[in-house]
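Colleague: Take this structure first; my questions come after.
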Amino acid sequence: MNKVVNNAEEAIQGISDGMTLMLGGFGLCGIPENNIRALVNSGVKNLTCISNNAGVDDFGIGLMLQGKQVRKMISSYVGENAEFERQLLSGELEVELLPQGTLAERCRAAGAGIPAFYTPAGYGTEVAEGKEVREFGGKKYIMEEAFQSDFAIVKAWKGDTDGNLIFKATARNFNPLMAMAGKVTIAEVEELVQPGELDPNFIHTPSIFVNRIFQGVDYEKRIEQRTVK
Amino acid sequence: MLTKQQIAQRIAKELKDGYYVNLGIGIPTLVANYVPAGMDVTLQSENGLLGMGPFPTEEEIDADLINAGKQTVTTLPGSVFFDSAISFAMIRSGRVDLTVLGAMEVNDKGDIANWKIPGKMVKGMGGAMDLVASAQNIIVAMQHTNRAGQSKLLKELGLPVTGLECVKKVVTNLCVMDITDRGFELKELAPGVSVKEVQDATLGRLIVQGDIPDISF
C-alpha cells in the first residue's frame, strides 16, 4: 500500500466541511505548517479543531481563524491570539478549554482503544460540569472521554515511506498522541526516507498509525518567544 | 517589599537536592536563577522536557526546543524529551517534587484561581489544572494585591477556580505565608513591611502568632 502523497493538497483530500481535526504542536512548535496552509487555501469550513493552542494571529491555526474556517476549538491555552479572543468573546467561535494533560490523555485514549478514563485535573472547576465524578482512594476524579476525530494531522522530523515517524526535541509534544488517534492520520515530515533508513530502536510512532505521508516544504518554524542568554 | 527577583530568591530556599521542579510562567520562571550552587535540581517543562537548561546563545537557538512559556531554551547532559501524555503522567502521578505557580487569587483554604476572568480574559489553564490537582507541594509566587490595589489573598475566590485546597505556601512582595487548616499563617515578613500592612492587604483568615522574623535569603 502506498502511503506517500505528493504534497499537502493531496494529503488533505477528503477533509470536508463540519469535520473534526486534530492538529499537532505546542504553540507554534511542531505544527503541521504545510497542511495548515493547504487547509486555508482549500476554504474548508465549519471545522472543529483539537489542538493545544490556536496559533498566533498570522500563523498556524490563527490563519484558519482569520478565514473563519473554525466553528469550535478544543484547546488548553489560547493566550497568544487576539483574533481568537475577539471571536470567542463575540460568540462567533465556540471554545472548549481543557487541562493540558487531559487534552493529551484524551488523544492517547482515542489511539489506545480506551473510551474514557478518570483524572483529578479539573475536579471542582468549570471543566467538571456535566461530567461524572467518582472517588478512588478518598480522592475525587472526573471522567473524561476519548476524542473522536476524522483526521489527525501531525508534523514529524523524519519519516519513512511506510509511515514510521521520529520527532525532534520539544516539537514532539502532542504529535505522536494525535498520530494514533485519527480515523485517518496525515503526517508531514521534514525528511522522507526509504524503509530501513530509520533505526527501529528510535522510532516514536510506528507506521501502523499513519495513513498518508509526505515531505513538507518551506518550513518557517516561527519562534514565539525568542530568548537568549 | 520584595522585588519579583527577591520573591523568586526566597522560593529557591525551598529547593532540596534531587528535586524535580516545575516552574510556571512569570515570577516562578525566575526561581531557576537562584538554585544554590552544587544543588542538583531538575526542571520539568510540561511541553515535553525534563532537564531544562538555560536560554541559548544566538547560535544555539533551535525553534524545535522551547519551554512551556514558548521561550527558546537548551538541554543539559541527561536531558530527555517526551510527548505530552508522558509529561502529564509524571505530573499526575506525583513525581514532581515542587510546583511553583503564579495566581490571580488564592483563598485561605488553599484554592487557587489563575486561568480566566469571565467576559474579559480567556487564556486557558494550560497545564495548571493538572499540576494543582496532583502536586503535593505547591508554592504560589505573586504580588499580594492586584493592579487596582485589591487583595489577592481572599476568604472566597471571586474568579473561576483552577484547583481546590492545593496551595501550601504563598510568597508575595509582602510576606511568606503557609496555608493550614486555620488559614493563612504569617511566617516571615519582607524587610520594612509591618504585620499591619499584611493584615490590611489580606482578606482571608490571617493567623499571626509570636514574633514574625524578616525574610532572609
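Ordering of the C-alpha cells sets the chain letters (A, B, ...); residue numbers start at 1 within each chain; ligands are numbered from 1 in the order shown.
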Pro99 of chain A: which residues within 10 Å, counting only C-alpha atoms, same-chain residues fewer than 2 positions away excluded, as a list in words?

Modeller: Asn52, Ser75, Ser76, Tyr77, Leu97, Gly101, Thr102, Leu103, Ala104, Glu105, Ala121, Gly122 and Val127 of chain A; Gly124, Met125, Gly126, Gly127, Ala128, Met129, Asp130, Leu131 and Thr162 of chain B

Colleague: For chain A, work out the contacting residues on chain B at 7 Å, counting only C-alpha atoms, and write them as a ChimeraX atom specification.

Modeller: /B:47-49,55-58,63-66,70-72,81-85,88,119,122-127,129-130,133-134,161-164

Colleague: Take the selection from the previous step and output its residues with C-alpha atoms, as a PDB file, in the first residue's frame.

Modeller:
```pdb
ATOM      1  CA  ASN B  47       5.550  20.627  26.907  1.00  0.00           C
ATOM      2  CA  GLY B  48       7.950  17.689  26.998  1.00  0.00           C
ATOM      3  CA  LEU B  49      11.374  18.333  28.508  1.00  0.00           C
ATOM      4  CA  PHE B  55      18.423  30.221  27.422  1.00  0.00           C
ATOM      5  CA  PRO B  56      20.520  29.612  24.296  1.00  0.00           C
ATOM      6  CA  THR B  57      23.096  31.831  22.654  1.00  0.00           C
ATOM      7  CA  GLU B  58      22.092  33.264  19.256  1.00  0.00           C
ATOM      8  CA  ALA B  63      12.842  26.582  17.039  1.00  0.00           C
ATOM      9  CA  ASP B  64      12.102  22.953  17.947  1.00  0.00           C
ATOM     10  CA  LEU B  65      13.414  23.390  21.500  1.00  0.00           C
ATOM     11  CA  ILE B  66      11.203  25.553  23.702  1.00  0.00           C
ATOM     12  CA  LYS B  70       7.243  29.117  24.426  1.00  0.00           C
ATOM     13  CA  GLN B  71      10.709  30.522  25.135  1.00  0.00           C
ATOM     14  CA  THR B  72      13.739  29.071  23.382  1.00  0.00           C
ATOM     15  CA  PHE B  81      12.250  14.742  25.578  1.00  0.00           C
ATOM     16  CA  PHE B  82       8.835  13.076  25.707  1.00  0.00           C
ATOM     17  CA  ASP B  83       5.283  13.515  24.491  1.00  0.00           C
ATOM     18  CA  SER B  84       2.562  15.406  26.343  1.00  0.00           C
ATOM     19  CA  ALA B  85       0.892  12.276  27.753  1.00  0.00           C
ATOM     20  CA  PHE B  88       1.431  14.734  32.488  1.00  0.00           C
ATOM     21  CA  GLY B 119     -16.156  38.234  29.997  1.00  0.00           C
ATOM     22  CA  VAL B 122      -9.783  33.872  28.427  1.00  0.00           C
ATOM     23  CA  LYS B 123      -6.348  32.412  28.098  1.00  0.00           C
ATOM     24  CA  GLY B 124      -6.941  28.906  29.337  1.00  0.00           C
ATOM     25  CA  MET B 125      -5.490  26.753  32.071  1.00  0.00           C
ATOM     26  CA  GLY B 126      -2.718  25.085  30.093  1.00  0.00           C
ATOM     27  CA  GLY B 127      -1.092  22.599  32.449  1.00  0.00           C
ATOM     28  CA  MET B 129      -5.148  22.403  36.389  1.00  0.00           C
ATOM     29  CA  ASP B 130      -3.289  19.103  36.091  1.00  0.00           C
ATOM     30  CA  ALA B 133      -4.864  18.578  41.047  1.00  0.00           C
ATOM     31  CA  SER B 134      -1.933  16.304  41.736  1.00  0.00           C
ATOM     32  CA  VAL B 161     -11.271  28.090  40.426  1.00  0.00           C
ATOM     33  CA  THR B 162      -8.297  26.202  38.972  1.00  0.00           C
ATOM     34  CA  GLY B 163      -7.916  23.711  41.837  1.00  0.00           C
ATOM     35  CA  LEU B 164      -9.190  23.091  45.361  1.00  0.00           C
TER      36      LEU B 164
END
```

Colleague: Which residues come within 12 Å of Glu83 of chain A, counting only C-alpha atoms, excluding same-chain residues fewer than 3 positions away, as a list of chain:residue names?

Modeller: A:Ala54, A:Gly55, A:Val56, A:Asp57, A:Asp58, A:Phe59, A:Ile61, A:Gly62, A:Leu63, A:Met64, A:Leu65, A:Gln66, A:Gly67, A:Lys68, A:Val78, A:Gly79, A:Glu80, A:Arg86, A:Gln87, A:Leu88, A:Leu89, A:Ser90, A:Glu92, A:Leu93

Colleague: Set the distance at 8 Å and use only C-alpha atoms: which residues neighbour His144 of chain B once local chain neighbours fewer than 2 positions away are removed? I'd like the list as a PDB file with all heavy atoms, in the first residue's frame.

Modeller:
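Writing done, so here's part_12.pdb:
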```pdb
ATOM      1  N   MET B 142       3.426  35.492  43.840  1.00  0.00           N
ATOM      2  CA  MET B 142       2.619  36.563  43.233  1.00  0.00           C
ATOM      3  C   MET B 142       2.728  37.848  44.040  1.00  0.00           C
ATOM      4  O   MET B 142       3.280  37.873  45.135  1.00  0.00           O
ATOM      5  CB  MET B 142       1.146  36.125  43.146  1.00  0.00           C
ATOM      6  CG  MET B 142       0.480  35.947  44.495  1.00  0.00           C
ATOM      7  SD  MET B 142      -1.274  35.519  44.288  1.00  0.00           S
ATOM      8  CE  MET B 142      -1.829  35.665  45.995  1.00  0.00           C
ATOM      9  N   ASN B 146      -3.678  43.148  43.579  1.00  0.00           N
ATOM     10  CA  ASN B 146      -3.717  43.303  42.127  1.00  0.00           C
ATOM     11  C   ASN B 146      -3.448  44.764  41.736  1.00  0.00           C
ATOM     12  O   ASN B 146      -3.193  45.607  42.594  1.00  0.00           O
ATOM     13  CB  ASN B 146      -5.045  42.792  41.547  1.00  0.00           C
ATOM     14  CG  ASN B 146      -6.243  43.590  42.046  1.00  0.00           C
ATOM     15  OD1 ASN B 146      -6.107  44.741  42.481  1.00  0.00           O
ATOM     16  ND2 ASN B 146      -7.413  42.988  41.987  1.00  0.00           N
ATOM     17  N   SER B 151      -6.803  43.008  47.470  1.00  0.00           N
ATOM     18  CA  SER B 151      -6.143  41.803  47.966  1.00  0.00           C
ATOM     19  C   SER B 151      -6.363  40.629  47.024  1.00  0.00           C
ATOM     20  O   SER B 151      -7.454  40.447  46.474  1.00  0.00           O
ATOM     21  CB  SER B 151      -6.690  41.441  49.347  1.00  0.00           C
ATOM     22  OG  SER B 151      -6.071  40.256  49.801  1.00  0.00           O
ATOM     23  N   LYS B 152      -5.317  39.822  46.841  1.00  0.00           N
ATOM     24  CA  LYS B 152      -5.434  38.581  46.079  1.00  0.00           C
ATOM     25  C   LYS B 152      -5.497  37.380  47.018  1.00  0.00           C
ATOM     26  O   LYS B 152      -5.538  36.239  46.582  1.00  0.00           O
ATOM     27  CB  LYS B 152      -4.235  38.439  45.138  1.00  0.00           C
ATOM     28  CG  LYS B 152      -4.220  39.526  44.047  1.00  0.00           C
ATOM     29  CD  LYS B 152      -2.891  39.582  43.314  1.00  0.00           C
ATOM     30  CE  LYS B 152      -2.707  38.418  42.359  1.00  0.00           C
ATOM     31  NZ  LYS B 152      -1.480  38.572  41.535  1.00  0.00           N
ATOM     32  N   LEU B 153      -5.468  37.659  48.349  1.00  0.00           N
ATOM     33  CA  LEU B 153      -5.496  36.600  49.365  1.00  0.00           C
ATOM     34  C   LEU B 153      -6.826  36.703  50.088  1.00  0.00           C
ATOM     35  O   LEU B 153      -7.014  37.545  50.969  1.00  0.00           O
ATOM     36  CB  LEU B 153      -4.305  36.759  50.299  1.00  0.00           C
ATOM     37  CG  LEU B 153      -2.998  36.533  49.531  1.00  0.00           C
ATOM     38  CD1 LEU B 153      -1.874  37.389  50.021  1.00  0.00           C
ATOM     39  CD2 LEU B 153      -2.628  35.060  49.569  1.00  0.00           C
ATOM     40  N   THR B 172       4.744  36.436  48.610  1.00  0.00           N
ATOM     41  CA  THR B 172       4.351  37.666  47.912  1.00  0.00           C
ATOM     42  C   THR B 172       5.415  38.737  48.129  1.00  0.00           C
ATOM     43  O   THR B 172       6.412  38.500  48.813  1.00  0.00           O
ATOM     44  CB  THR B 172       3.003  38.204  48.430  1.00  0.00           C
ATOM     45  OG1 THR B 172       3.206  38.787  49.727  1.00  0.00           O
ATOM     46  CG2 THR B 172       1.952  37.109  48.520  1.00  0.00           C
ATOM     47  N   ASN B 173       5.147  39.903  47.580  1.00  0.00           N
ATOM     48  CA  ASN B 173       6.068  41.024  47.801  1.00  0.00           C
ATOM     49  C   ASN B 173       6.070  41.473  49.263  1.00  0.00           C
ATOM     50  O   ASN B 173       6.990  42.150  49.701  1.00  0.00           O
ATOM     51  CB  ASN B 173       5.708  42.193  46.884  1.00  0.00           C
ATOM     52  CG  ASN B 173       4.246  42.571  46.960  1.00  0.00           C
ATOM     53  OD1 ASN B 173       3.382  41.716  47.131  1.00  0.00           O
ATOM     54  ND2 ASN B 173       3.960  43.854  46.848  1.00  0.00           N
ATOM     55  N   LEU B 174       5.040  41.068  50.038  1.00  0.00           N
ATOM     56  CA  LEU B 174       4.965  41.488  51.441  1.00  0.00           C
ATOM     57  C   LEU B 174       5.437  40.446  52.441  1.00  0.00           C
ATOM     58  O   LEU B 174       5.948  40.812  53.515  1.00  0.00           O
ATOM     59  CB  LEU B 174       3.515  41.874  51.801  1.00  0.00           C
ATOM     60  CG  LEU B 174       2.860  43.004  51.016  1.00  0.00           C
ATOM     61  CD1 LEU B 174       1.491  43.326  51.606  1.00  0.00           C
ATOM     62  CD2 LEU B 174       3.741  44.241  50.990  1.00  0.00           C
ATOM     63  N   ALA B 201      -3.768  44.098  53.784  1.00  0.00           N
ATOM     64  CA  ALA B 201      -3.764  43.647  52.386  1.00  0.00           C
ATOM     65  C   ALA B 201      -4.266  42.212  52.237  1.00  0.00           C
ATOM     66  O   ALA B 201      -4.216  41.652  51.152  1.00  0.00           O
ATOM     67  CB  ALA B 201      -2.346  43.766  51.819  1.00  0.00           C
ATOM     68  N   THR B 202      -4.739  41.621  53.327  1.00  0.00           N
ATOM     69  CA  THR B 202      -5.181  40.221  53.305  1.00  0.00           C
ATOM     70  C   THR B 202      -6.639  40.128  53.728  1.00  0.00           C
ATOM     71  O   THR B 202      -6.983  40.531  54.845  1.00  0.00           O
ATOM     72  CB  THR B 202      -4.312  39.363  54.255  1.00  0.00           C
ATOM     73  OG1 THR B 202      -2.936  39.557  53.907  1.00  0.00           O
ATOM     74  CG2 THR B 202      -4.667  37.884  54.161  1.00  0.00           C
TER      75      THR B 202
END
```

Colleague: List as JSON, numbers by chain the protein and nucleic acid residues near Gln13 of chain A, meaning an atom at most 12 Å away when only C-alpha atoms are counted, but skip any in the same chain fewer than 6 places from it.

Modeller: {"A": [5, 6, 7, 35, 38, 39, 42, 44, 151, 184, 185, 186, 212]}

Colleague: Taking only C-alpha atoms into account, which of B:Ala141, B:Val80, B:Ala68, B:Ile91 comes nearest Met104 of chain B?

Modeller: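 Of all the options, B:Ala141 lies closest to Met104 of chain B.
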
Colleague: Could you give me, as number ranges by chain, each residue of segment 102-210 of chain A that DSSP assigns to strand (DSSP E) when run on this structure's backbone?

Modeller: A: 116-119, 133-136, 139-145, 151-160, 165-166, 184-193

Colleague: List every residue of segment 76-123 of chain A that DSSP, applied to the backbone of this structure, places in alpha helix (DSSP H), and write the result as a list of chain:residue names.

Modeller: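 Everything in segment 76-123 of chain A that counts as alpha helix (DSSP H) is A:Ala82, A:Glu83, A:Phe84, A:Glu85, A:Arg86, A:Gln87, A:Leu88, A:Leu89, A:Ser90, A:Gln100, A:Gly101, A:Thr102, A:Leu103, A:Ala104, A:Glu105, A:Arg106, A:Cys107, A:Arg108, A:Ala109, A:Ala110, A:Gly111, A:Ala112.
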